[in-house]
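Coordinates as given in input.txt (compact mmCIF, C-alpha atoms):
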```txt
# COMPACT_ATOMS: atom_id res chain seq x y z
CA MET Z 1 0.00 0.00 0.00
CA ALA Z 2 2.61 2.57 1.03
CA ASN Z 3 5.09 3.87 -1.49
CA ASN Z 4 8.04 3.95 0.90
CA GLY Z 5 10.87 3.79 -1.63
CA GLY Z 6 14.38 4.38 -0.45
CA ARG Z 7 15.28 7.96 -1.36
CA LYS Z 8 13.68 11.33 -0.84
CA VAL Z 9 11.65 12.51 -3.83
CA TYR Z 10 10.89 16.12 -4.70
CA VAL Z 11 8.53 17.85 -7.11
CA VAL Z 12 10.69 20.40 -8.94
CA GLY Z 13 8.37 21.44 -11.76
CA VAL Z 14 4.62 21.60 -12.37
CA GLY Z 15 2.36 22.88 -15.11
CA MET Z 16 -1.13 22.54 -16.48
CA SER Z 17 -3.43 23.66 -19.24
CA LYS Z 18 -6.66 25.47 -18.58
CA PHE Z 19 -9.49 22.98 -18.12
CA ILE Z 20 -12.18 23.47 -20.78
CA LYS Z 21 -15.53 22.09 -21.86
CA PRO Z 22 -15.17 18.96 -24.01
CA ARG Z 23 -16.01 20.29 -27.46
CA GLY Z 24 -13.32 18.52 -29.48
CA LEU Z 25 -11.79 21.81 -30.58
CA ILE Z 26 -8.34 20.97 -29.21
CA ASP Z 27 -6.82 17.50 -29.37
CA TYR Z 28 -4.91 15.87 -26.53
CA PRO Z 29 -1.39 16.19 -28.07
CA GLU Z 30 -1.76 19.96 -27.87
CA PHE Z 31 -2.95 20.52 -24.32
CA ALA Z 32 -0.83 17.65 -22.95
CA LEU Z 33 2.25 19.14 -24.59
CA GLU Z 34 1.38 22.50 -23.03
CA ALA Z 35 1.35 21.00 -19.54
CA ALA Z 36 4.63 19.15 -20.08
CA VAL Z 37 6.40 22.21 -21.49
CA LYS Z 38 5.22 24.35 -18.59
CA ALA Z 39 6.44 21.80 -16.05
CA LEU Z 40 9.86 21.48 -17.73
CA ASN Z 41 10.19 25.27 -17.94
CA ASP Z 42 9.21 25.53 -14.28
CA ALA Z 43 12.02 23.12 -13.41
CA ASP Z 44 14.33 24.99 -15.80
CA ILE Z 45 15.38 21.78 -17.57
CA SER Z 46 14.93 20.24 -21.00
CA PHE Z 47 13.38 16.88 -21.79
CA ASP Z 48 16.92 15.48 -22.11
CA LYS Z 49 17.12 15.43 -18.29
CA VAL Z 50 14.06 13.17 -17.94
CA ASP Z 51 14.84 9.45 -17.79
CA PHE Z 52 11.41 7.99 -17.00
CA ALA Z 53 7.82 9.02 -17.75
CA ALA Z 54 4.39 7.83 -16.60
CA CYS Z 55 1.42 9.12 -18.60
CA GLY Z 56 -2.17 8.78 -17.44
CA TYR Z 57 -5.41 8.90 -19.41
CA VAL Z 58 -8.66 6.93 -19.38
CA PHE Z 59 -10.22 7.52 -22.79
CA GLY Z 60 -7.79 6.92 -25.63
CA ASP Z 61 -5.82 4.43 -27.63
CA SER Z 62 -2.74 2.71 -26.30
CA CYS Z 63 0.57 4.60 -26.28
CA ALA Z 64 -1.02 8.06 -26.30
CA GLY Z 65 1.67 9.09 -23.82
CA GLN Z 66 4.32 8.40 -26.43
CA ARG Z 67 2.29 10.39 -28.97
CA VAL Z 68 2.52 13.41 -26.68
CA LEU Z 69 6.10 13.13 -25.46
CA TYR Z 70 7.66 12.27 -28.83
CA GLN Z 71 6.94 15.91 -29.67
CA LEU Z 72 9.59 16.84 -27.10
CA GLY Z 73 12.10 14.28 -28.31
CA MET Z 74 12.40 10.60 -29.12
CA THR Z 75 14.94 9.96 -26.37
CA GLN Z 76 14.10 6.25 -25.88
CA ILE Z 77 13.29 6.60 -22.17
CA PRO Z 78 10.76 4.21 -20.61
CA ILE Z 79 7.22 5.59 -21.02
CA ILE Z 80 4.44 3.84 -19.10
CA ASN Z 81 0.77 4.50 -19.89
CA VAL Z 82 -1.59 4.33 -16.90
CA ASN Z 83 -5.38 3.91 -16.64
CA ASN Z 84 -6.87 3.76 -13.13
CA ASN Z 85 -10.18 5.53 -13.66
CA CYS Z 86 -10.44 8.89 -11.88
CA ALA Z 87 -7.27 8.15 -9.86
CA THR Z 88 -5.24 7.88 -13.06
CA GLY Z 89 -3.28 11.13 -12.65
CA SER Z 90 -2.11 10.35 -9.15
CA THR Z 91 -1.34 6.77 -10.21
CA ALA Z 92 1.06 8.22 -12.80
CA LEU Z 93 2.51 10.36 -10.01
CA TYR Z 94 2.83 7.23 -7.84
CA GLN Z 95 4.72 5.43 -10.61
CA ALA Z 96 7.06 8.38 -11.20
CA ARG Z 97 7.78 8.74 -7.49
CA ALA Z 98 8.53 5.03 -7.20
CA ALA Z 99 11.00 5.26 -10.08
CA VAL Z 100 12.93 8.06 -8.39
CA ALA Z 101 12.69 6.63 -4.87
CA SER Z 102 14.01 3.26 -6.02
CA GLY Z 103 16.95 4.75 -7.90
CA THR Z 104 15.61 3.67 -11.28
CA ALA Z 105 15.49 7.34 -12.32
CA GLU Z 106 17.02 10.60 -11.16
CA CYS Z 107 14.34 12.68 -12.88
CA ALA Z 108 10.88 11.43 -13.81
CA LEU Z 109 7.93 13.04 -15.55
CA ALA Z 110 4.30 12.35 -14.57
CA LEU Z 111 1.75 13.53 -17.11
CA GLY Z 112 -2.04 13.27 -17.06
CA PHE Z 113 -4.45 14.30 -19.79
CA GLU Z 114 -7.95 13.62 -21.03
CA ARG Z 115 -10.17 14.42 -24.00
CA MET Z 116 -13.73 13.60 -23.00
CA LYS Z 117 -17.23 13.47 -24.44
CA ARG Z 118 -20.14 15.58 -23.22
CA GLY Z 119 -22.69 14.25 -20.75
CA PHE Z 120 -22.64 11.33 -18.33
CA ILE Z 121 -19.65 9.03 -18.56
CA THR Z 122 -20.76 5.76 -20.13
CA GLU Z 123 -19.08 2.41 -20.72
CA ALA Z 124 -16.39 2.66 -23.40
CA PHE Z 125 -16.62 -1.09 -24.11
CA PRO Z 126 -20.22 -2.26 -23.54
CA ASP Z 127 -19.51 -5.59 -25.26
CA ARG Z 128 -17.45 -6.93 -22.32
CA ALA Z 129 -17.53 -7.22 -18.52
CA ASN Z 130 -18.02 -3.92 -16.70
CA PRO Z 131 -15.43 -3.40 -13.91
CA LEU Z 132 -18.11 -1.74 -11.77
CA ALA Z 133 -20.59 -4.59 -12.16
CA PRO Z 134 -20.01 -6.04 -8.65
CA VAL Z 135 -20.93 -2.85 -6.79
CA GLU Z 136 -23.71 -2.05 -9.24
CA GLY Z 137 -25.14 -5.52 -8.63
CA VAL Z 138 -25.16 -4.94 -4.87
CA MET Z 139 -26.82 -1.56 -5.32
CA ASP Z 140 -29.46 -3.09 -7.59
CA GLN Z 141 -30.33 -5.64 -4.89
CA VAL Z 142 -30.43 -3.06 -2.09
CA GLN Z 143 -32.21 -0.14 -3.76
CA GLY Z 144 -32.65 -0.80 -7.47
CA TRP Z 145 -30.59 0.54 -10.38
CA ASP Z 146 -31.59 3.43 -12.61
CA LYS Z 147 -30.44 2.60 -16.15
CA ASN Z 148 -31.19 6.15 -17.30
CA THR Z 149 -28.66 7.77 -14.96
CA GLY Z 150 -24.88 7.51 -15.10
CA ASN Z 151 -23.26 5.10 -12.67
CA ALA Z 152 -21.07 7.73 -10.97
CA PRO Z 153 -23.88 10.03 -9.76
CA GLN Z 154 -25.85 6.98 -8.60
CA ILE Z 155 -22.95 5.54 -6.63
CA PHE Z 156 -21.87 8.81 -5.03
CA GLY Z 157 -25.41 10.13 -4.58
CA SER Z 158 -26.43 6.89 -2.84
CA ALA Z 159 -23.31 7.02 -0.66
CA GLY Z 160 -24.09 10.59 0.37
CA GLN Z 161 -27.69 9.71 1.20
CA GLY Z 162 -26.45 6.68 3.11
CA TYR Z 163 -24.11 8.84 5.18
CA MET Z 164 -26.89 11.25 6.10
CA THR Z 165 -29.22 8.39 7.02
CA LYS Z 166 -26.60 6.41 8.93
CA TYR Z 167 -25.49 9.23 11.21
CA GLY Z 168 -28.55 11.50 11.15
CA LYS Z 169 -26.55 14.72 11.38
CA ALA Z 170 -25.44 15.89 7.94
CA THR Z 171 -28.15 17.19 5.62
CA GLU Z 172 -28.64 18.06 1.96
CA HIS Z 173 -28.00 21.66 2.97
CA HIS Z 174 -24.46 20.68 4.00
CA LEU Z 175 -23.89 19.17 0.56
CA ALA Z 176 -24.96 22.43 -1.06
CA GLN Z 177 -22.62 24.36 1.24
CA ILE Z 178 -19.69 22.23 0.08
CA ALA Z 179 -20.50 23.03 -3.54
CA GLU Z 180 -20.92 26.74 -2.76
CA LYS Z 181 -17.45 26.80 -1.19
CA ASN Z 182 -15.78 25.13 -4.14
CA HIS Z 183 -17.47 27.32 -6.73
CA ARG Z 184 -16.43 30.37 -4.68
CA HIS Z 185 -12.82 29.17 -4.49
CA SER Z 186 -12.66 28.59 -8.26
CA ALA Z 187 -13.34 32.24 -9.01
CA LYS Z 188 -9.70 32.96 -8.15
CA ASN Z 189 -8.24 30.12 -10.23
CA PRO Z 190 -7.49 31.06 -13.86
CA TYR Z 191 -7.28 27.37 -14.84
CA SER Z 192 -10.83 26.52 -13.74
CA GLN Z 193 -13.40 25.46 -16.29
CA PHE Z 194 -16.07 27.39 -14.39
CA ARG Z 195 -15.43 30.51 -12.33
CA ASP Z 196 -19.01 31.50 -11.52
CA VAL Z 197 -20.03 31.98 -7.89
CA TYR Z 198 -23.40 30.64 -6.72
CA THR Z 199 -25.41 30.99 -3.55
CA VAL Z 200 -26.37 27.92 -1.55
CA GLU Z 201 -29.97 28.51 -2.59
CA GLN Z 202 -29.06 28.56 -6.29
CA ILE Z 203 -27.17 25.31 -5.86
CA GLU Z 204 -30.09 23.66 -4.06
CA LYS Z 205 -32.53 24.79 -6.78
CA SER Z 206 -30.42 23.64 -9.72
CA PRO Z 207 -31.72 20.54 -11.57
CA ARG Z 208 -31.80 17.34 -9.53
CA ILE Z 209 -29.40 14.68 -10.88
CA PHE Z 210 -29.72 11.76 -8.45
CA GLY Z 211 -30.71 11.42 -4.79
CA PRO Z 212 -29.52 14.50 -2.88
CA LEU Z 213 -27.27 15.74 -5.71
CA THR Z 214 -28.15 18.70 -7.88
CA LYS Z 215 -26.35 19.73 -11.06
CA LEU Z 216 -24.16 22.35 -9.36
CA GLN Z 217 -22.93 19.70 -6.92
CA CYS Z 218 -21.55 17.51 -9.73
CA CYS Z 219 -18.24 17.88 -11.54
CA PRO Z 220 -18.39 18.49 -15.29
CA THR Z 221 -16.70 16.48 -18.00
CA SER Z 222 -13.60 18.34 -19.14
CA ASP Z 223 -10.60 18.41 -21.44
CA GLY Z 224 -7.18 19.30 -20.06
CA ALA Z 225 -3.77 18.19 -18.87
CA ALA Z 226 -1.34 18.59 -15.97
CA CYS Z 227 2.24 17.52 -15.38
CA GLY Z 228 4.80 17.15 -12.60
CA ILE Z 229 8.58 16.74 -12.74
CA LEU Z 230 9.97 14.60 -9.90
CA ALA Z 231 13.62 14.37 -8.91
CA SER Z 232 16.03 12.91 -6.41
CA GLU Z 233 17.84 14.99 -3.81
CA THR Z 234 21.05 14.58 -5.82
CA PHE Z 235 19.34 15.98 -8.92
CA VAL Z 236 17.82 18.88 -6.96
CA LYS Z 237 21.21 19.95 -5.62
CA ALA Z 238 23.01 19.46 -8.93
CA HIS Z 239 20.53 21.75 -10.70
CA GLY Z 240 20.13 24.37 -7.98
CA LEU Z 241 16.44 23.66 -7.42
CA GLU Z 242 16.43 23.71 -3.62
CA ASP Z 243 14.29 26.83 -3.25
CA GLN Z 244 11.41 25.56 -5.37
CA ALA Z 245 11.57 21.84 -4.55
CA VAL Z 246 8.61 20.40 -2.65
CA GLU Z 247 9.11 17.04 -0.95
CA ILE Z 248 6.66 14.19 -1.34
CA CYS Z 249 7.11 13.02 2.22
CA ALA Z 250 4.50 10.26 2.03
CA GLN Z 251 2.35 8.50 -0.50
CA ALA Z 252 0.04 5.50 -0.22
CA MET Z 253 -2.23 3.71 -2.65
CA ALA Z 254 -5.08 1.38 -1.79
CA THR Z 255 -7.88 -0.50 -3.51
CA ASP Z 256 -11.37 -1.54 -2.41
CA SER Z 257 -12.12 -3.60 0.68
CA PRO Z 258 -15.02 -6.07 1.01
CA LEU Z 259 -17.04 -3.30 2.68
CA GLY Z 260 -17.66 -1.91 -0.80
CA LEU Z 261 -19.79 -4.95 -1.59
CA GLY Z 262 -21.93 -4.72 1.53
CA LYS Z 263 -25.27 -3.06 2.19
CA ASP Z 264 -23.77 0.11 3.71
CA ALA Z 265 -24.20 2.72 0.97
CA THR Z 266 -21.47 4.91 2.46
CA GLU Z 267 -18.93 2.29 1.37
CA TRP Z 268 -19.98 1.99 -2.28
CA ALA Z 269 -17.92 5.06 -3.18
CA GLY Z 270 -14.68 3.62 -1.77
CA ALA Z 271 -14.57 5.22 1.66
CA ASP Z 272 -12.70 2.29 3.19
CA MET Z 273 -9.86 2.38 0.67
CA THR Z 274 -9.47 6.09 1.41
CA ARG Z 275 -9.25 5.27 5.12
CA ALA Z 276 -6.55 2.68 4.43
CA ALA Z 277 -4.48 4.98 2.19
CA ALA Z 278 -4.79 7.88 4.62
CA ARG Z 279 -3.60 5.76 7.53
CA GLY Z 280 -0.63 4.58 5.49
CA ALA Z 281 0.32 8.07 4.34
CA PHE Z 282 0.08 9.69 7.77
CA LYS Z 283 2.10 6.88 9.34
CA GLN Z 284 4.77 7.19 6.67
CA ALA Z 285 4.97 10.99 7.07
CA GLY Z 286 4.99 10.81 10.87
CA ILE Z 287 2.22 13.41 11.17
CA THR Z 288 -1.53 13.54 11.72
CA ALA Z 289 -4.33 15.38 9.95
CA ASN Z 290 -3.91 18.19 12.49
CA ASP Z 291 -0.54 19.06 10.92
CA VAL Z 292 -2.01 19.75 7.47
CA GLN Z 293 -3.07 23.22 6.32
CA VAL Z 294 -4.32 22.76 2.76
CA ILE Z 295 -6.05 19.85 1.03
CA GLU Z 296 -6.96 19.04 -2.56
CA LEU Z 297 -9.71 16.46 -2.17
CA HIS Z 298 -11.56 14.43 -4.81
CA ASP Z 299 -14.92 16.22 -4.82
CA CYS Z 300 -16.32 14.69 -8.01
CA PHE Z 301 -19.63 15.19 -6.20
CA SER Z 302 -20.31 17.18 -3.05
CA ALA Z 303 -21.32 13.91 -1.38
CA ASN Z 304 -17.83 12.51 -1.83
CA GLU Z 305 -16.23 15.50 -0.17
CA LEU Z 306 -18.56 14.97 2.80
CA LEU Z 307 -17.64 11.27 3.04
CA THR Z 308 -13.96 11.96 2.66
CA TYR Z 309 -13.79 14.33 5.63
CA ASP Z 310 -14.41 11.23 7.75
CA ALA Z 311 -12.29 8.85 5.71
CA LEU Z 312 -9.20 11.08 5.88
CA GLY Z 313 -9.61 11.48 9.64
CA LEU Z 314 -10.26 15.22 9.51
CA VAL Z 315 -13.22 14.70 11.86
CA PRO Z 316 -14.49 11.85 14.07
CA GLU Z 317 -16.76 9.30 12.38
CA GLY Z 318 -20.14 10.76 11.48
CA GLU Z 319 -19.12 14.35 12.25
CA ALA Z 320 -18.40 15.67 8.74
CA HIS Z 321 -21.08 18.33 9.13
CA THR Z 322 -19.12 19.98 11.94
CA LEU Z 323 -16.29 20.90 9.56
CA ILE Z 324 -18.81 22.72 7.38
CA ASP Z 325 -20.78 24.38 10.20
CA SER Z 326 -17.59 25.71 11.80
CA GLY Z 327 -16.11 27.05 8.56
CA ASN Z 328 -13.05 24.86 9.11
CA ASN Z 329 -13.02 23.75 5.46
CA THR Z 330 -12.32 27.18 3.92
CA TYR Z 331 -10.22 30.30 4.34
CA GLY Z 332 -9.99 31.43 7.95
CA GLY Z 333 -10.63 27.92 9.24
CA LYS Z 334 -8.48 24.98 10.26
CA TYR Z 335 -8.13 23.64 6.71
CA VAL Z 336 -8.58 25.16 3.29
CA ILE Z 337 -10.07 22.35 1.23
CA ASN Z 338 -9.97 22.62 -2.55
CA PRO Z 339 -8.56 26.15 -2.92
CA SER Z 340 -8.39 25.43 -6.67
CA GLY Z 341 -12.18 25.07 -6.84
CA GLY Z 342 -11.97 21.30 -6.79
CA LEU Z 343 -13.38 19.00 -9.43
CA ILE Z 344 -16.85 20.49 -9.05
CA SER Z 345 -15.79 23.81 -10.50
CA LYS Z 346 -12.22 23.49 -11.80
CA GLY Z 347 -13.29 20.51 -13.91
CA HIS Z 348 -12.45 16.82 -14.05
CA PRO Z 349 -10.52 15.56 -17.09
CA LEU Z 350 -10.05 12.14 -15.52
CA GLY Z 351 -6.39 11.50 -16.29
CA ALA Z 352 -5.34 15.06 -15.47
CA THR Z 353 -7.08 15.56 -12.12
CA GLY Z 354 -4.47 13.96 -9.85
CA LEU Z 355 -1.65 15.99 -11.38
CA ALA Z 356 -3.69 19.19 -11.34
CA GLN Z 357 -4.14 18.63 -7.60
CA CYS Z 358 -0.37 18.14 -7.31
CA THR Z 359 0.24 21.35 -9.27
CA GLU Z 360 -2.02 23.43 -7.03
CA LEU Z 361 -0.46 22.10 -3.84
CA VAL Z 362 3.10 22.67 -5.07
CA TRP Z 363 2.18 26.26 -5.91
CA GLN Z 364 0.58 26.66 -2.48
CA LEU Z 365 3.71 25.35 -0.71
CA ARG Z 366 5.85 27.74 -2.74
CA GLY Z 367 3.59 30.65 -1.80
CA TRP Z 368 2.81 31.56 -5.40
CA THR Z 369 -1.00 31.48 -5.48
CA GLY Z 370 -1.86 35.12 -4.87
CA GLU Z 371 -5.46 35.75 -3.81
CA ARG Z 372 -6.11 32.06 -3.18
CA GLN Z 373 -2.94 31.54 -1.12
CA VAL Z 374 -3.38 29.61 2.11
CA PRO Z 375 -1.26 31.22 4.85
CA ASN Z 376 1.59 29.44 6.63
CA VAL Z 377 1.49 26.21 4.64
CA ASN Z 378 3.94 23.55 5.81
CA TYR Z 379 2.08 20.36 4.87
CA ALA Z 380 -0.39 19.73 2.05
CA LEU Z 381 -2.57 16.67 1.47
CA GLN Z 382 -3.84 15.27 -1.83
CA HIS Z 383 -6.68 12.75 -2.21
CA ASN Z 384 -7.54 11.24 -5.61
CA VAL Z 385 -9.96 8.34 -5.94
CA GLY Z 386 -11.31 6.25 -8.80
CA LEU Z 387 -14.24 3.85 -8.78
CA GLY Z 388 -13.45 0.29 -9.53
CA GLY Z 389 -11.23 1.12 -7.65
CA ALA Z 390 -8.08 2.91 -6.60
CA VAL Z 391 -7.13 5.77 -4.33
CA VAL Z 392 -3.85 7.62 -3.80
CA VAL Z 393 -3.18 9.85 -0.80
CA THR Z 394 -0.07 12.01 -1.06
CA ILE Z 395 1.45 14.32 1.55
CA TYR Z 396 3.71 17.17 0.49
CA LYS Z 397 6.10 19.13 2.70
CA LYS Z 398 7.85 22.43 2.25
CA ALA Z 399 11.47 21.53 1.54
CA ASN Z 400 13.00 24.65 3.06
CA GLY Z 401 12.08 28.06 4.43
CA ALA Z 402 13.00 30.01 1.33
CA LYS Z 403 10.28 31.54 -0.82
CA SER Z 404 11.02 30.84 -4.46
CA SER Z 405 9.96 32.93 -7.43
CA PRO Z 406 8.95 31.73 -10.92
CA LYS Z 407 11.70 31.05 -13.42
CA THR Z 408 9.28 31.92 -16.22
CA LYS Z 409 8.45 35.49 -17.30
CA TYR Z 410 5.14 35.37 -15.43
CA ASN Z 411 3.66 33.59 -12.41
CA PRO Z 412 1.88 30.51 -13.80
CA ALA Z 413 -0.01 29.99 -10.53
CA ILE Z 414 -2.08 33.13 -11.07
CA GLU Z 415 -2.05 33.48 -14.86
CA ALA Z 416 -2.97 30.81 -17.41
CA ARG Z 417 -1.09 31.50 -20.64
CA PRO Z 418 -0.55 29.31 -23.69
CA ILE Z 419 3.02 28.21 -24.33
CA THR Z 420 5.21 30.05 -26.81
CA LYS Z 421 7.60 28.67 -29.40
CA ASP Z 422 10.55 29.82 -27.28
CA GLU Z 423 9.17 27.97 -24.24
CA PHE Z 424 8.70 24.83 -26.30
CA THR Z 425 12.22 25.07 -27.72
CA LYS Z 426 13.68 25.46 -24.23
CA ALA Z 427 11.79 22.38 -22.96
CA ALA Z 428 12.38 20.12 -25.95
CA SER Z 429 15.30 17.74 -26.33
CA GLN Z 430 18.44 19.33 -27.66
CA LYS Z 431 19.89 15.94 -28.64
CA ALA Z 432 17.15 13.75 -30.04
CA LYS Z 433 14.88 14.23 -33.04
CA ARG Z 434 11.49 15.70 -32.22
CA ALA Z 435 8.41 14.24 -33.85
CA ASP Z 436 7.04 17.52 -35.18
CA TYR Z 437 3.99 16.00 -36.82
CA MET Z 438 2.86 18.52 -39.37
CA ASP Z 439 -0.78 17.50 -39.01
CA SER Z 440 -0.64 17.99 -35.23
CA LEU Z 441 -2.47 20.82 -33.54
CA SER Z 442 0.37 21.11 -31.06
CA VAL Z 443 3.91 21.74 -32.26
CA ALA Z 444 2.74 22.90 -35.67
CA LYS Z 445 0.68 25.67 -34.02
CA LEU Z 446 3.52 27.19 -32.02
```

Please, can you express the file's structure as structure tokens?
Amino acid sequence: MANNGGRKVYVVGVGMSKFIKPRGLIDYPEFALEAAVKALNDADISFDKVDFAACGYVFGDSCAGQRVLYQLGMTQIPIINVNNNCATGSTALYQARAAVASGTAECALALGFERMKRGFITEAFPDRANPLAPVEGVMDQVQGWDKNTGNAPQIFGSAGQGYMTKYGKATEHHLAQIAEKNHRHSAKNPYSQFRDVYTVEQIEKSPRIFGPLTKLQCCPTSDGAACGILASETFVKAHGLEDQAVEICAQAMATDSPLGLGKDATEWAGADMTRAAARGAFKQAGITANDVQVIELHDCFSANELLTYDALGLVPEGEAHTLIDSGNNTYGGKYVINPSGGLISKGHPLGATGLAQCTELVWQLRGWTGERQVPNVNYALQHNVGLGGAVVVTIYKKANGAKSSPKTKYNPAIEARPITKDEFTKAASQKAKRADYMDSLSVAKL
């Protein structure tokens, strides 16, 4: 479960594209290249320095990671393509960290991207066994299954309703308050797909999707990409990256427990695997939830944020509502949860989400995030979960007391710009041939 490794691992570069509505106007090689170039520029290195890459996406043909990275150079490094549902991005991060921690690589790239279709996510391969069939079968026996509604809103909506029924304290109003907070936070994030602010009443009156969930409590489908550059301590020192390096001091991955196939609806969304990963990560880091200041949490639906407060140990069992009532989940409270706007408002391109969370937390630990900056951040927590299932919990620590400044001409944490030809040239391999596909929307457009 725990990714203990043997060496310290640092994030030295991050970057992402703006998350957008899935309209098919931009193809994945373009926005994925943008994220990778930004991360390499942030680390002030070229692709020649990277000796391992893990690329995550859910919807796409095999070897799409190579299709993206060959644009930077065909350097013959190992490139692994990862698909772990909504936890895909952080699974790529997990793989890259393991490569550096084990000594397999000195510098590794983790890239996540997704080009999605509009509307509910449906089965990509309906002619074969559905990975979610076991939990869907249990749900059908317990409460019936609505074939006209997507599986994700049914699973998470049922889990949220189950939590409220089981403990009798949290209400639908609390779910709407979670969504209100995340929409409000997103207004200060230039990378967010939606930056509109809504009142709790507007959220409650938006169209009902399933159970307690309304439309404004559900994440949208999105296109976008995010990237992280990971390095060993030796690499950090050799390249003078100490001031901007952020340590991954703990990381744990877990999968479903048998509780997910029981009658307790709160477990259908993977709460127990989150509990297991959180325990492993906190033990590895030698801290508790009380030591964390900022959290990027997988709020694909407001109900999942509610459940996860418990599962991460932020509150005692059944007391998630107290974090909301006290204001301890936003600015001025104990934690700031989803300062980026979260999945609900920032967007959720499945493969990119985990690395977008990483990007936001690295910027927060560097103190770069301007109006959405969380004060006095020493530890940051990331939670990324996928049905089917997988979850990764990652804890980041400020590597030193120095406050770094961007190596680019602007602060990417507060301004979302497209990449320039000069930025691409700086990031690309200086030694190997680049696959500048002339029919590509990416390199050819620069």

Distance criterion (all atoms listed in the file): nearest to Z:Gln357 out of Z:Val135, Z:Ala87, Z:Ala179, Z:Ala432:
Z:Ala87

Nearest to Z:Ala92 among Z:Arg195, Z:Arg115, Z:Ala53, Z:Ala36, with distances taken over only C-alpha atoms: which residue is it?
Z:Ala53

Skipping near chain neighbours, those fewer than 3 positions away, what residues fall within 12 Å of Z:Ile80 using all atoms listed in the file, listed as a compact mmCIF listing (two decimals) with C-alpha atoms, in the frame of the given file?
```txt
# COMPACT_ATOMS: atom_id res chain seq x y z
CA ASP Z 51 14.84 9.45 -17.79
CA PHE Z 52 11.41 7.99 -17.00
CA ALA Z 53 7.82 9.02 -17.75
CA ALA Z 54 4.39 7.83 -16.60
CA CYS Z 55 1.42 9.12 -18.60
CA GLY Z 56 -2.17 8.78 -17.44
CA TYR Z 57 -5.41 8.90 -19.41
CA SER Z 62 -2.74 2.71 -26.30
CA CYS Z 63 0.57 4.60 -26.28
CA ALA Z 64 -1.02 8.06 -26.30
CA GLY Z 65 1.67 9.09 -23.82
CA GLN Z 66 4.32 8.40 -26.43
CA LEU Z 69 6.10 13.13 -25.46
CA ILE Z 77 13.29 6.60 -22.17
CA ASN Z 83 -5.38 3.91 -16.64
CA THR Z 91 -1.34 6.77 -10.21
CA ALA Z 92 1.06 8.22 -12.80
CA LEU Z 93 2.51 10.36 -10.01
CA TYR Z 94 2.83 7.23 -7.84
CA GLN Z 95 4.72 5.43 -10.61
CA ALA Z 96 7.06 8.38 -11.20
CA ALA Z 99 11.00 5.26 -10.08
CA ALA Z 108 10.88 11.43 -13.81
CA LEU Z 109 7.93 13.04 -15.55
CA ALA Z 110 4.30 12.35 -14.57
CA LEU Z 111 1.75 13.53 -17.11
CA GLY Z 112 -2.04 13.27 -17.06
```

Tell me, in Å to one decimal, how far atom CA of Z:Arg184 is from atom CA of Z:Arg366.
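Computing it gives 22.5 Å between the two atoms.
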
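For the set Z:Ala277, Z:Leu72, Z:Val12, Z:Cys218, the residue with the smallest atom-to-atom gap to Z:Ile178 is Z:Cys218, counting only C-alpha atoms.
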
Which one is closest to Z:Lys426: Z:Asp146, Z:Thr408, Z:Asn84, Z:Glu114? Count all atoms listed in the file.
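Looking at the shortest contact to Z:Lys426, the residue is Z:Thr408.
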
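Nearest to Z:Leu241 of all the residues Z:His183, Z:Arg128, Z:Lys407, Z:His298 is Z:Lys407, counting all atoms listed in the file.
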
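Take the candidates Z:Val393, Z:Cys107, Z:Ala265, Z:Val14 and check each one against Z:Ile295 using all atoms listed in the file; the shortest distance goes to Z:Val393.
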
I'd like the neighbourhood of stretch 284-294 of chain Z as JSON, numbers by chain, where a residue qualifies if any of its atoms comes within 6 Å (using all atoms listed in the file), though same-chain residues fewer than 4 positions away should be ignored.
{"Z": [249, 250, 314, 335, 336, 337, 377, 379, 380]}

List as a ChimeraX atom specification the protein and nucleic acid residues near Z:Glu106, meaning an atom at most 9 Å away when all atoms listed in the file are counted, but skip any in the same chain fewer than 5 places from it.
/Z:49-52,99-101,230-235
